[in-house]
Amino acid sequence: MKILPKLERKLRRLKKRVIRTSLVRKLDLVHESARKKAFQESCDNYKNQIENEYEIRNKLPKMARSGREAFLSDGSFHQAVGRVLLVAEFFAMMPVKGVTGKHPSGLSFSWRNIRTCFSLLFIASSIANFGLSLFKVLHNPISFNSIKPIIFRGSVLLVLIVSLNLARQWPQLMMYWHTVEKDLPQYKTQLSKWKMGHTISMVMLLGMMLSFAEHILSMVSAINYASFCNRTADPIQNYFLRTNDEIFFVTSYTTALALWGKFQNVYSTFIWNYMDMFVMIVSIGLASKFRQLNDDLRNFKGMNMAPTYWSERRIQYRNICILCDKMDDAISLITMVSFSNNLYFICVQLLRSLNTMPSVAHAVYFYFSLFFLIGRTLAVSLYSSSVHDESRLTLRYLRCVPKESWCQEVKRFTEEVISDEVTLSGMKFFHLTRKLVLSVAGTIVTYELVLIQFHEDNDLWDCDQSYYS
């Protein structure tokens, strides 16, 4: 009899537990469905908010269709770099037709084009000029300083040949670039579309202005040098004899040869500066594509996103990495020539700074040229390293993914960002990261200490030496 009440109590407890567990399960299901619904609503609300902001910001006054299209930018690299390539074509580089067109499908390369013929003609002229410089250097005592004309004209000739080969590949590269851009998250404002093109234009404009100022100062210095070391009574003839001495070392003076030498010198100076600006411009374009992807990841930072979202972003990131590899293969020789050239001329200029400057004009030109060269080298290094910096910035947003949204796609995306080394390079000999700036500085200091031990103070206005020595 005593056992029955105990059994009744146990049965009651079991019934309560069964009722409680089923109730808890029902509550959990209701909570989970409510959480998913709230998550979906928050994502939809956020997307609607972004779309509304986009529509409000892009409401512009009505104007003619042609005027509106001319004013607006589509944010593409092809449109941003069009005028830069147009200037390069004027100086016998990148002979590609259709660089200012709206779509990269209009780009084409032809050996029969007048741009290509002009480029080939200037390459032939540069080969002749390089041969004359090589002949003069080999028939004089060779030193670290005396080979400067060979390094200068040799690098210009090499860049001309590489740029001609790059022009053949440019239409295909820009079509692939356009495909990658079209698949990326679109810019939300006109300001975002305009930013990359504005940066490229400012880099080109500033580089051209400083290059022009350097050339004017070099002409003033050369005029003073020619007036000091006058061979004839004609000051114009003295100027050309000193500045084109590699030509008149072989043949006698003529006005036609003097003008050809001046034309060759102006164009070579621009190409020498342009190869640095071209590496910077490509770096700006690639870094902006990573930044475009990172901006979208920042907008959804910390939010619960579906696995399909992360799969799309991972594929877009991979496409940009492939684009970087293609562009690196195309311009890596130009990058290597740019850095090695700058390294040599910085060492030469620092070594020459130990000599006494013969005039104020010479001192102004020398120090302006030195600081411009160092600044240009630093700018190339920093702009090129920004590609690597932007590619690594993606990892910061992946680490903010909530636990509820962590999935296999996020894990795979994270592993790819960690393991990949996305950088431009110089023929794979060195990679352009921020560490390279310190490496280059250390190399310059090392070379300079070695060169100083063998340095002898020379008269920079020795009339028996070349103006370029």
# chains A, B, ... in the order shown; residues from 1 in each chain; ligands from 1
>>> closest_atom_pairs(of="stretch 110-132 of chain A", to="stretch 146-162 of chain A", cutoff="9 Å", atoms="only C-alpha atoms", output="JSON lines")
{"residue": "A:Ser119", "atom": "CA", "partner": "A:Leu160", "partner_atom": "CA", "distance": 8.0}
{"residue": "A:Leu120", "atom": "CA", "partner": "A:Ile161", "partner_atom": "CA", "distance": 8.9}
{"residue": "A:Phe122", "atom": "CA", "partner": "A:Leu160", "partner_atom": "CA", "distance": 8.7}
{"residue": "A:Ile123", "atom": "CA", "partner": "A:Leu160", "partner_atom": "CA", "distance": 6.7}
{"residue": "A:Ser126", "atom": "CA", "partner": "A:Leu157", "partner_atom": "CA", "distance": 6.1}
{"residue": "A:Ile127", "atom": "CA", "partner": "A:Leu157", "partner_atom": "CA", "distance": 6.9}
{"residue": "A:Asn129", "atom": "CA", "partner": "A:Arg153", "partner_atom": "CA", "distance": 7.7}
{"residue": "A:Phe130", "atom": "CA", "partner": "A:Arg153", "partner_atom": "CA", "distance": 5.7}
{"residue": "A:Gly131", "atom": "CA", "partner": "A:Ile150", "partner_atom": "CA", "distance": 8.9}
>>> write_last_selection(atoms="N, CA, C and O atoms", output="PDB file, in the first residue's frame")
ATOM      1  N   SER A 119      56.151  54.736 -83.251  1.00  0.00           N
ATOM      2  CA  SER A 119      56.859  54.066 -82.153  1.00  0.00           C
ATOM      3  C   SER A 119      58.063  53.287 -82.679  1.00  0.00           C
ATOM      4  O   SER A 119      59.157  53.338 -82.090  1.00  0.00           O
ATOM      5  N   LEU A 120      57.891  52.564 -83.779  1.00  0.00           N
ATOM      6  CA  LEU A 120      59.008  51.810 -84.362  1.00  0.00           C
ATOM      7  C   LEU A 120      60.104  52.739 -84.859  1.00  0.00           C
ATOM      8  O   LEU A 120      61.307  52.436 -84.709  1.00  0.00           O
ATOM      9  N   PHE A 122      60.847  55.684 -83.616  1.00  0.00           N
ATOM     10  CA  PHE A 122      61.576  56.226 -82.462  1.00  0.00           C
ATOM     11  C   PHE A 122      62.455  55.151 -81.823  1.00  0.00           C
ATOM     12  O   PHE A 122      63.523  55.461 -81.293  1.00  0.00           O
ATOM     13  N   ILE A 123      62.029  53.892 -81.859  1.00  0.00           N
ATOM     14  CA  ILE A 123      62.875  52.807 -81.346  1.00  0.00           C
ATOM     15  C   ILE A 123      64.158  52.713 -82.171  1.00  0.00           C
ATOM     16  O   ILE A 123      65.262  52.556 -81.618  1.00  0.00           O
ATOM     17  N   SER A 126      66.330  55.529 -81.165  1.00  0.00           N
ATOM     18  CA  SER A 126      66.919  55.296 -79.841  1.00  0.00           C
ATOM     19  C   SER A 126      68.054  54.283 -79.917  1.00  0.00           C
ATOM     20  O   SER A 126      69.041  54.389 -79.174  1.00  0.00           O
ATOM     21  N   ILE A 127      67.930  53.301 -80.801  1.00  0.00           N
ATOM     22  CA  ILE A 127      69.020  52.328 -80.979  1.00  0.00           C
ATOM     23  C   ILE A 127      70.276  53.033 -81.501  1.00  0.00           C
ATOM     24  O   ILE A 127      71.396  52.776 -81.033  1.00  0.00           O
ATOM     25  N   ASN A 129      71.028  56.236 -81.124  1.00  0.00           N
ATOM     26  CA  ASN A 129      71.541  57.095 -80.058  1.00  0.00           C
ATOM     27  C   ASN A 129      72.265  56.280 -78.994  1.00  0.00           C
ATOM     28  O   ASN A 129      73.306  56.690 -78.466  1.00  0.00           O
ATOM     29  N   PHE A 130      71.706  55.111 -78.658  1.00  0.00           N
ATOM     30  CA  PHE A 130      72.363  54.234 -77.683  1.00  0.00           C
ATOM     31  C   PHE A 130      73.716  53.748 -78.210  1.00  0.00           C
ATOM     32  O   PHE A 130      74.697  53.661 -77.471  1.00  0.00           O
ATOM     33  N   GLY A 131      73.762  53.427 -79.519  1.00  0.00           N
ATOM     34  CA  GLY A 131      75.029  52.987 -80.105  1.00  0.00           C
ATOM     35  C   GLY A 131      76.098  54.069 -80.046  1.00  0.00           C
ATOM     36  O   GLY A 131      77.268  53.782 -79.752  1.00  0.00           O
TER      37      GLY A 131
END
>>> residues_around(residues="stretch 422-438 of chain A", least_positions_apart="2", cutoff="6 Å", atoms="only C-alpha atoms", output="VMD selection string")
chain A and resid 328 332 to 333 335 to 336 384 to 385 388 420 440 to 441
>>> write_last_selection(atoms="C-alpha atoms", output="PDB file, in the first residue's frame")
ATOM      1  CA  ASP A 328      52.329  41.604 -63.068  1.00  0.00           C
ATOM      2  CA  SER A 332      57.159  43.166 -64.291  1.00  0.00           C
ATOM      3  CA  LEU A 333      60.095  43.964 -66.593  1.00  0.00           C
ATOM      4  CA  THR A 335      58.958  47.478 -62.745  1.00  0.00           C
ATOM      5  CA  MET A 336      62.410  45.908 -62.484  1.00  0.00           C
ATOM      6  CA  SER A 384      52.895  49.531 -55.488  1.00  0.00           C
ATOM      7  CA  SER A 385      52.778  48.216 -51.925  1.00  0.00           C
ATOM      8  CA  HIS A 388      49.413  44.102 -51.085  1.00  0.00           C
ATOM      9  CA  ASP A 420      48.076  34.113 -50.988  1.00  0.00           C
ATOM     10  CA  VAL A 440      66.076  49.745 -50.871  1.00  0.00           C
ATOM     11  CA  ALA A 441      67.195  52.373 -48.335  1.00  0.00           C
TER      12      ALA A 441
END
>>> closest_residue(among="A:Ser163, A:Asn319, A:Asn304, A:Asn341", to="A:Val401", atoms="only C-alpha atoms")
A:Asn304
>>> closest_residue(among="A:Tyr187, A:Val84, A:Leu164, A:Thr394", to="A:Arg298", atoms="only C-alpha atoms")
A:Thr394
>>> closest_residue(among="A:Ala361, A:Val348, A:Val410, A:Ala256", to="A:Trp310", atoms="only C-alpha atoms")
A:Val410
>>> closest_residue(among="A:Ile374, A:Arg392, A:Phe144, A:Ala306", to="A:Tyr447", atoms="only C-alpha atoms")
A:Phe144
>>> closest_residue(among="A:Asp74, A:Glu404, A:Asp234, A:Glu312", to="A:Gln190", atoms="only C-alpha atoms")
A:Asp74
